[in-house]
Amino acid sequence: MKRKVLEKGMKVLFLLMATVSILSVLLICIFMLISGVPAIREIGLFDFLLGSKWSPSGNAYGIFPMIVGSVYVTGGAILVGVPVGLLTAIFLARFCPRKIYRPVKTFVDILAGIPSIVYGFFGMTLLVPLVRTYFGGNGNSILTASLLLGLMILPTIISITESSLRAVPESYYEGALALGATRERAVMTTVFPAAKSGIMAGIVLGIGRAIGETMAVIMVVGNQARLPSSILDGVRTLTTNIVLEMGYAEGLHREALIATGLVLFVFILLINLCFSLLNRRKEHE
């Protein structure tokens with residue numbers, strides 16, 4: 001009797017927690033829509049999304065430069081962080097000697113716990129001068145922000161990918177070896193594809209971290225609301241635009257910043273939707 005009551009109680013608790021999570025997302029969506037849509041309607045959808053000038057004092061609220069800046073910086077972070085993260089996870093899951101596994105894993109976990117502001121100081125004091133010296137420009141650029149964000153998303157990608165690789169049944173790996181594959185080939189052609197759902201989830205979370213990061217990016221990206229002509233130009237991302245101006249914004253200016261957050265929110269939803277559809281398509285193939 002006690003066991004049945006406990007099971008029913010736990011079911012109710014789990015249902016309640018799931019409901020709270022769903023309601024939280026719905027409330028955020030409703031708030032963003034209620035607060036952001038009026039500004040977009042007043043400014044004009046195309047003027048807001050495709051306008052190349054952001055000047056609240058001149059009543060110009062075009063966020064296209066910030067959209068481009070966010071895409072460039074996030075894309076650069078993906079190019080830097082995803083290959084390094086995946087290869088590191090494969091090494092930890094399949095090739096890392098036991099003696100050094102714990103130290104390496106500890107350092108990865110430490111990376112995940114470092115505050116964003118510390119990453120920002122690291123980028124400002126080390127990466128900015130390096131980029132300025134070896135690539136040109138003033139160092140506060142898309143390239144610097146991409147390198148920094150690529151480093152920041154590593155713990156997420158490594159941890160989730162490693163867990164996904166370890167969850168693949170050992171029989172997959174052993175079967176590939178029995179058919180004559182080398183260790184590397186067995187991992188890359190059998191184990192890695194079998195873990196693709198978890199790996200894709202890790203990449204999505206990494207992208208979400210990159211596109212939503214603010215404090216570290218502010219310190220290295222240049223914060224210039226303009227369309228870049230090269231990766232050495234400074235830009236302003238959607239998140240940094242909100243943080244830089246929300247403190248003193250009012251009226252339509254404030255509503256436009258909230259609408260900027262709505263656009264960012266939609267971007268993240270679209271990214272998650274695209275990866276979900278991609279996973280579903282691969283499962284049916």
# chains A, B, ... in the order shown; residues from 1 in each chain; ligands from 1
>>> residues_around(residues="stretch 163-179 of chain A", least_positions_apart="5", cutoff="6 Å", atoms="only C-alpha atoms", output="VMD selection string")
chain A and resid 186 195 198
>>> residues_around(residues="A:Asp47", least_positions_apart="3", cutoff="9 Å", atoms="only C-alpha atoms", output="list in words")
Ile40, Ile43, Gly44, Leu50, Gly51, Ser52, Ala60, Tyr61, Gly62 and Ile63 of chain A
>>> write_last_selection(atoms="all heavy atoms", output="compact mmCIF listing (two decimals), in the first residue's frame")
# COMPACT_ATOMS: atom_id res chain seq x y z
N ILE A 40 7.78 46.11 -32.90
CA ILE A 40 8.02 45.69 -34.29
C ILE A 40 6.93 46.25 -35.19
O ILE A 40 7.20 46.69 -36.32
CB ILE A 40 8.06 44.15 -34.38
CG1 ILE A 40 9.26 43.62 -33.59
CG2 ILE A 40 8.13 43.69 -35.83
CD1 ILE A 40 9.34 42.10 -33.53
N ILE A 43 7.68 50.07 -35.59
CA ILE A 43 8.87 50.33 -36.41
C ILE A 43 8.68 49.83 -37.83
O ILE A 43 9.13 50.46 -38.80
CB ILE A 43 10.11 49.68 -35.77
CG1 ILE A 43 10.37 50.26 -34.39
CG2 ILE A 43 11.35 49.85 -36.66
CD1 ILE A 43 11.37 49.48 -33.56
N GLY A 44 8.00 48.71 -37.97
CA GLY A 44 7.87 48.04 -39.26
C GLY A 44 8.75 46.80 -39.28
O GLY A 44 9.95 46.90 -38.96
N LEU A 50 15.66 44.32 -41.27
CA LEU A 50 16.60 44.53 -42.38
C LEU A 50 17.21 45.93 -42.39
O LEU A 50 18.05 46.22 -43.25
CB LEU A 50 15.89 44.28 -43.72
CG LEU A 50 15.29 42.87 -43.89
CD1 LEU A 50 14.57 42.75 -45.22
CD2 LEU A 50 16.36 41.80 -43.75
N GLY A 51 16.82 46.77 -41.45
CA GLY A 51 17.41 48.11 -41.38
C GLY A 51 18.88 48.04 -40.98
O GLY A 51 19.25 47.28 -40.09
N SER A 52 19.70 48.82 -41.63
CA SER A 52 21.15 48.77 -41.39
C SER A 52 21.63 49.83 -40.41
O SER A 52 22.83 49.92 -40.14
CB SER A 52 21.90 48.93 -42.72
OG SER A 52 21.58 50.19 -43.32
N ALA A 60 15.91 55.44 -35.39
CA ALA A 60 16.22 54.37 -36.35
C ALA A 60 16.55 53.11 -35.57
O ALA A 60 17.47 53.11 -34.74
CB ALA A 60 17.40 54.77 -37.23
N TYR A 61 15.79 52.06 -35.82
CA TYR A 61 15.94 50.83 -35.06
C TYR A 61 16.11 49.63 -36.00
O TYR A 61 15.28 48.73 -36.03
CB TYR A 61 14.74 50.62 -34.14
CG TYR A 61 14.55 51.71 -33.12
CD1 TYR A 61 13.65 52.76 -33.34
CD2 TYR A 61 15.27 51.71 -31.93
CE1 TYR A 61 13.47 53.76 -32.41
CE2 TYR A 61 15.10 52.72 -30.99
CZ TYR A 61 14.21 53.73 -31.24
OH TYR A 61 14.04 54.73 -30.30
N GLY A 62 17.17 49.63 -36.75
CA GLY A 62 17.45 48.49 -37.63
C GLY A 62 18.46 47.56 -36.98
O GLY A 62 19.56 47.99 -36.60
N ILE A 63 18.11 46.29 -36.83
CA ILE A 63 18.99 45.36 -36.12
C ILE A 63 19.74 44.42 -37.06
O ILE A 63 20.38 43.47 -36.61
CB ILE A 63 18.20 44.53 -35.08
CG1 ILE A 63 17.17 43.63 -35.79
CG2 ILE A 63 17.55 45.42 -34.05
CD1 ILE A 63 16.55 42.59 -34.86
>>> closest_residue(among="A:Val37, A:Ala201, A:Leu92, A:Met215", to="A:Ile271", atoms="only C-alpha atoms")
A:Ala201
>>> select_by_dssp(residues="stretch 18-234 of chain A", states="strand (DSSP E or B)", output="list in words")
Trp54, Ser55, Ala60, Tyr61 and Gly222 of chain A
>>> atom_distance(atom1="atom CA of A:Ile203", atom2="atom CA of A:Ile153")
8.8 Å
>>> select_by_dssp(residues="stretch 151-240 of chain A", states="alpha helix (DSSP H)", output="number ranges by chain")
A: 151-152, 154-167, 170-178, 183-186, 192-194, 196-212, 215-218, 238-240
>>> residues_around(residues="A:Leu244", least_positions_apart="3", cutoff="12 Å", atoms="only C-alpha atoms", output="PyMOL selection string")
chain A and resi 214-215+217-219+223-225+236-241+247-249+254+257
>>> write_last_selection(atoms="all heavy atoms", output="CSV table (one decimal), in the first residue's frame")
chain,number,residue,atom,x,y,z
A,214,THR,N,26.9,36.9,-23.4
A,214,THR,CA,26.9,38.4,-23.4
A,214,THR,C,28.2,39.0,-22.8
A,214,THR,O,29.0,39.7,-23.5
A,214,THR,CB,25.7,38.9,-22.6
A,214,THR,OG1,24.5,38.3,-23.2
A,214,THR,CG2,25.6,40.4,-22.8
A,215,MET,N,28.5,38.7,-21.6
A,215,MET,CA,29.5,39.4,-20.9
A,215,MET,C,30.9,39.3,-21.5
A,215,MET,O,31.6,40.2,-21.7
A,215,MET,CB,29.6,39.0,-19.4
A,215,MET,CG,28.4,39.4,-18.6
A,215,MET,SD,28.0,41.2,-18.7
A,215,MET,CE,29.5,41.9,-18.1
A,217,VAL,N,31.6,38.4,-24.5
A,217,VAL,CA,31.6,38.9,-25.9
A,217,VAL,C,31.7,40.4,-25.9
A,217,VAL,O,32.4,41.0,-26.7
A,217,VAL,CB,30.3,38.5,-26.6
A,217,VAL,CG1,30.2,39.1,-28.0
A,217,VAL,CG2,30.2,37.0,-26.8
A,218,ILE,N,31.0,41.1,-24.9
A,218,ILE,CA,31.1,42.5,-24.8
A,218,ILE,C,32.6,43.0,-24.7
A,218,ILE,O,33.0,44.0,-25.3
A,218,ILE,CB,30.3,43.0,-23.6
A,218,ILE,CG1,28.8,43.0,-23.9
A,218,ILE,CG2,30.8,44.4,-23.2
A,218,ILE,CD1,28.0,43.5,-22.8
A,219,MET,N,33.4,42.2,-24.1
A,219,MET,CA,34.8,42.6,-23.8
A,219,MET,C,35.7,42.5,-24.9
A,219,MET,O,36.8,43.0,-24.9
A,219,MET,CB,35.3,41.9,-22.5
A,219,MET,CG,34.4,42.1,-21.3
A,219,MET,SD,34.9,41.1,-19.9
A,219,MET,CE,36.4,41.9,-19.4
A,223,ASN,N,31.8,45.9,-30.2
A,223,ASN,CA,30.5,46.6,-29.9
A,223,ASN,C,30.2,47.8,-30.9
A,223,ASN,O,29.8,48.8,-30.5
A,223,ASN,CB,30.5,47.1,-28.5
A,223,ASN,CG,30.7,46.0,-27.5
A,223,ASN,OD1,30.1,44.9,-27.6
A,223,ASN,ND2,31.7,46.2,-26.6
A,224,GLN,N,30.5,47.5,-32.2
A,224,GLN,CA,30.2,48.6,-33.2
A,224,GLN,C,29.0,48.1,-34.0
A,224,GLN,O,29.1,47.0,-34.7
A,224,GLN,CB,31.4,48.8,-34.1
A,224,GLN,CG,32.6,49.2,-33.3
A,224,GLN,CD,33.9,49.1,-34.0
A,224,GLN,OE1,33.9,48.9,-35.2
A,224,GLN,NE2,35.0,49.2,-33.4
A,225,ALA,N,27.9,48.9,-34.0
A,225,ALA,CA,26.7,48.5,-34.7
A,225,ALA,C,26.8,48.8,-36.2
A,225,ALA,O,26.3,49.8,-36.7
A,225,ALA,CB,25.5,49.2,-34.1
A,236,ARG,N,28.6,44.3,-33.2
A,236,ARG,CA,27.7,44.2,-32.0
A,236,ARG,C,26.7,43.1,-32.2
A,236,ARG,O,26.1,43.0,-33.3
A,236,ARG,CB,27.0,45.6,-31.8
A,236,ARG,CG,26.1,45.6,-30.6
A,236,ARG,CD,25.4,46.9,-30.4
A,236,ARG,NE,26.3,48.0,-30.1
A,236,ARG,CZ,25.8,49.2,-29.7
A,236,ARG,NH1,24.5,49.4,-29.7
A,236,ARG,NH2,26.7,50.2,-29.5
A,237,THR,N,26.6,42.2,-31.3
A,237,THR,CA,25.7,41.1,-31.4
A,237,THR,C,24.4,41.5,-30.8
A,237,THR,O,24.2,42.6,-30.1
A,237,THR,CB,26.2,39.9,-30.6
A,237,THR,OG1,26.4,40.1,-29.2
A,237,THR,CG2,27.6,39.4,-31.2
A,238,LEU,N,23.4,40.7,-30.9
A,238,LEU,CA,22.0,41.0,-30.4
A,238,LEU,C,22.1,41.1,-28.9
A,238,LEU,O,21.4,41.9,-28.3
A,238,LEU,CB,21.0,39.9,-30.8
A,238,LEU,CG,20.7,39.8,-32.3
A,238,LEU,CD1,20.0,38.5,-32.7
A,238,LEU,CD2,19.9,41.0,-32.8
A,239,THR,N,22.8,40.1,-28.2
A,239,THR,CA,22.8,40.2,-26.8
A,239,THR,C,23.5,41.4,-26.2
A,239,THR,O,23.1,42.0,-25.3
A,239,THR,CB,23.5,38.9,-26.3
A,239,THR,OG1,24.8,38.7,-26.9
A,239,THR,CG2,22.6,37.7,-26.6
A,240,THR,N,24.7,41.7,-26.8
A,240,THR,CA,25.4,42.9,-26.3
A,240,THR,C,24.7,44.2,-26.6
A,240,THR,O,24.8,45.1,-25.8
A,240,THR,CB,26.8,42.9,-27.0
A,240,THR,OG1,26.7,43.0,-28.4
A,240,THR,CG2,27.6,41.7,-26.7
A,241,ASN,N,23.9,44.2,-27.7
A,241,ASN,CA,23.1,45.4,-27.9
A,241,ASN,C,22.1,45.7,-26.8
A,241,ASN,O,21.9,46.8,-26.3
A,241,ASN,CB,22.4,45.3,-29.3
A,241,ASN,CG,21.7,46.5,-29.7
A,241,ASN,OD1,22.3,47.6,-29.7
A,241,ASN,ND2,20.4,46.4,-30.0
A,247,GLY,N,19.9,49.7,-19.8
A,247,GLY,CA,20.0,50.4,-18.5
A,247,GLY,C,19.4,51.8,-18.6
A,247,GLY,O,18.9,52.3,-17.6
A,248,TYR,N,19.5,52.4,-19.8
A,248,TYR,CA,19.0,53.8,-19.9
A,248,TYR,C,17.8,54.0,-20.9
A,248,TYR,O,17.3,55.1,-21.1
A,248,TYR,CB,20.1,54.8,-20.3
A,248,TYR,CG,20.8,54.5,-21.6
A,248,TYR,CD1,20.3,55.0,-22.8
A,248,TYR,CD2,21.9,53.7,-21.7
A,248,TYR,CE1,20.8,54.7,-24.0
A,248,TYR,CE2,22.5,53.4,-22.9
A,248,TYR,CZ,22.0,53.9,-24.0
A,248,TYR,OH,22.6,53.7,-25.2
A,249,ALA,N,17.4,52.8,-21.5
A,249,ALA,CA,16.4,52.9,-22.6
A,249,ALA,C,15.0,53.1,-22.0
A,249,ALA,O,14.7,52.7,-20.8
A,249,ALA,CB,16.4,51.6,-23.4
A,254,ARG,N,13.2,51.1,-25.5
A,254,ARG,CA,13.2,49.9,-24.6
A,254,ARG,C,12.4,48.8,-25.2
A,254,ARG,O,12.8,47.6,-25.2
A,254,ARG,CB,12.6,50.3,-23.2
A,254,ARG,CG,12.6,49.2,-22.2
A,254,ARG,CD,12.0,49.7,-20.9
A,254,ARG,NE,12.1,48.6,-19.9
A,254,ARG,CZ,11.2,47.7,-19.7
A,254,ARG,NH1,10.2,47.6,-20.5
A,254,ARG,NH2,11.4,46.7,-18.8
A,257,LEU,N,14.5,47.1,-27.8
A,257,LEU,CA,15.4,46.1,-27.2
A,257,LEU,C,14.8,44.8,-26.8
A,257,LEU,O,15.4,43.7,-27.0
A,257,LEU,CB,16.1,46.8,-26.0
A,257,LEU,CG,17.0,48.0,-26.3
A,257,LEU,CD1,17.6,48.6,-25.0
A,257,LEU,CD2,18.2,47.5,-27.2
>>> residues_around(residues="A:Leu205", least_positions_apart="6", cutoff="9 Å", atoms="only C-alpha atoms", output="ChimeraX atom specification")
/A:153,156-157,272
>>> write_last_selection(atoms="all heavy atoms", output="PDB file, in the first residue's frame")
ATOM      1  N   ILE A 153      32.323  27.003 -25.351  1.00  0.00           N
ATOM      2  CA  ILE A 153      31.343  25.947 -25.608  1.00  0.00           C
ATOM      3  C   ILE A 153      31.964  24.551 -25.548  1.00  0.00           C
ATOM      4  O   ILE A 153      31.234  23.550 -25.633  1.00  0.00           O
ATOM      5  CB  ILE A 153      30.640  26.142 -26.965  1.00  0.00           C
ATOM      6  CG1 ILE A 153      31.622  25.962 -28.132  1.00  0.00           C
ATOM      7  CG2 ILE A 153      29.967  27.502 -27.027  1.00  0.00           C
ATOM      8  CD1 ILE A 153      30.957  26.061 -29.493  1.00  0.00           C
ATOM      9  N   THR A 156      30.540  21.938 -22.756  1.00  0.00           N
ATOM     10  CA  THR A 156      29.208  21.412 -23.060  1.00  0.00           C
ATOM     11  C   THR A 156      29.284  20.325 -24.116  1.00  0.00           C
ATOM     12  O   THR A 156      28.720  19.231 -23.955  1.00  0.00           O
ATOM     13  CB  THR A 156      28.295  22.549 -23.546  1.00  0.00           C
ATOM     14  OG1 THR A 156      28.209  23.558 -22.539  1.00  0.00           O
ATOM     15  CG2 THR A 156      26.902  22.022 -23.847  1.00  0.00           C
ATOM     16  N   ILE A 157      29.968  20.610 -25.202  1.00  0.00           N
ATOM     17  CA  ILE A 157      30.059  19.642 -26.300  1.00  0.00           C
ATOM     18  C   ILE A 157      30.819  18.399 -25.863  1.00  0.00           C
ATOM     19  O   ILE A 157      30.406  17.261 -26.144  1.00  0.00           O
ATOM     20  CB  ILE A 157      30.734  20.287 -27.520  1.00  0.00           C
ATOM     21  CG1 ILE A 157      29.872  21.435 -28.047  1.00  0.00           C
ATOM     22  CG2 ILE A 157      30.967  19.258 -28.618  1.00  0.00           C
ATOM     23  CD1 ILE A 157      30.508  22.218 -29.175  1.00  0.00           C
ATOM     24  N   ASN A 272      16.936  24.865 -32.692  1.00  0.00           N
ATOM     25  CA  ASN A 272      16.508  23.617 -32.067  1.00  0.00           C
ATOM     26  C   ASN A 272      15.567  22.834 -32.971  1.00  0.00           C
ATOM     27  O   ASN A 272      15.672  21.604 -33.086  1.00  0.00           O
ATOM     28  CB  ASN A 272      15.822  23.901 -30.730  1.00  0.00           C
ATOM     29  CG  ASN A 272      16.803  24.170 -29.619  1.00  0.00           C
ATOM     30  OD1 ASN A 272      17.314  23.245 -28.990  1.00  0.00           O
ATOM     31  ND2 ASN A 272      17.077  25.431 -29.362  1.00  0.00           N
TER      32      ASN A 272
END
>>> residues_around(residues="A:Tyr72", least_positions_apart="2", cutoff="12 Å", atoms="only C-alpha atoms", output="VMD selection string")
chain A and resid 65 to 70 74 to 79 141 to 147 149 210 to 211 221 227 to 238
>>> closest_residue(among="A:Ile207, A:Leu148, A:Ile100, A:Val12", to="A:Leu270", atoms="only C-alpha atoms")
A:Ile207
>>> atom_distance(atom1="atom CA of A:Arg41", atom2="atom CA of A:Ser57")
19.1 Å
>>> closest_residue(among="A:Arg102, A:Lys196, A:Arg3, A:Arg183", to="A:Leu86", atoms="only C-alpha atoms")
A:Lys196
>>> closest_residue(among="A:Met124, A:Val204, A:Leu16, A:Ile242", to="A:Val220", atoms="only C-alpha atoms")
A:Met124
>>> closest_residue(among="A:Leu87, A:Ala256, A:Ala181, A:Leu154", to="A:Gly202", atoms="only C-alpha atoms")
A:Leu154
>>> decode(residues="stretch 91-103 of chain A", atoms="N, CA and C atoms", output="compact mmCIF listing (two decimals), in the first residue's frame")
# COMPACT_ATOMS: atom_id res chain seq x y z
N PHE A 91 38.43 11.09 -27.85
CA PHE A 91 39.65 10.69 -27.16
C PHE A 91 39.36 10.24 -25.74
N LEU A 92 38.54 11.02 -25.02
CA LEU A 92 38.23 10.68 -23.63
C LEU A 92 37.43 9.38 -23.53
N ALA A 93 36.52 9.17 -24.46
CA ALA A 93 35.64 8.01 -24.38
C ALA A 93 36.31 6.72 -24.84
N ARG A 94 37.25 6.81 -25.79
CA ARG A 94 37.75 5.58 -26.42
C ARG A 94 39.26 5.41 -26.42
N PHE A 95 40.02 6.47 -26.32
CA PHE A 95 41.46 6.35 -26.51
C PHE A 95 42.29 6.85 -25.33
N CYS A 96 41.68 7.51 -24.38
CA CYS A 96 42.44 8.13 -23.29
C CYS A 96 42.94 7.07 -22.29
N PRO A 97 44.24 7.05 -22.00
CA PRO A 97 44.76 6.13 -20.97
C PRO A 97 44.14 6.44 -19.61
N ARG A 98 43.94 5.43 -18.81
CA ARG A 98 43.29 5.61 -17.51
C ARG A 98 44.06 6.58 -16.61
N LYS A 99 45.37 6.58 -16.72
CA LYS A 99 46.18 7.41 -15.82
C LYS A 99 45.93 8.90 -16.03
N ILE A 100 45.64 9.30 -17.26
CA ILE A 100 45.47 10.74 -17.51
C ILE A 100 44.00 11.13 -17.71
N TYR A 101 43.10 10.12 -17.69
CA TYR A 101 41.69 10.45 -17.91
C TYR A 101 41.16 11.41 -16.85
N ARG A 102 41.40 11.08 -15.59
CA ARG A 102 40.85 11.90 -14.51
C ARG A 102 41.36 13.35 -14.55
N PRO A 103 42.68 13.59 -14.73
CA PRO A 103 43.13 15.00 -14.83
C PRO A 103 42.51 15.74 -16.01
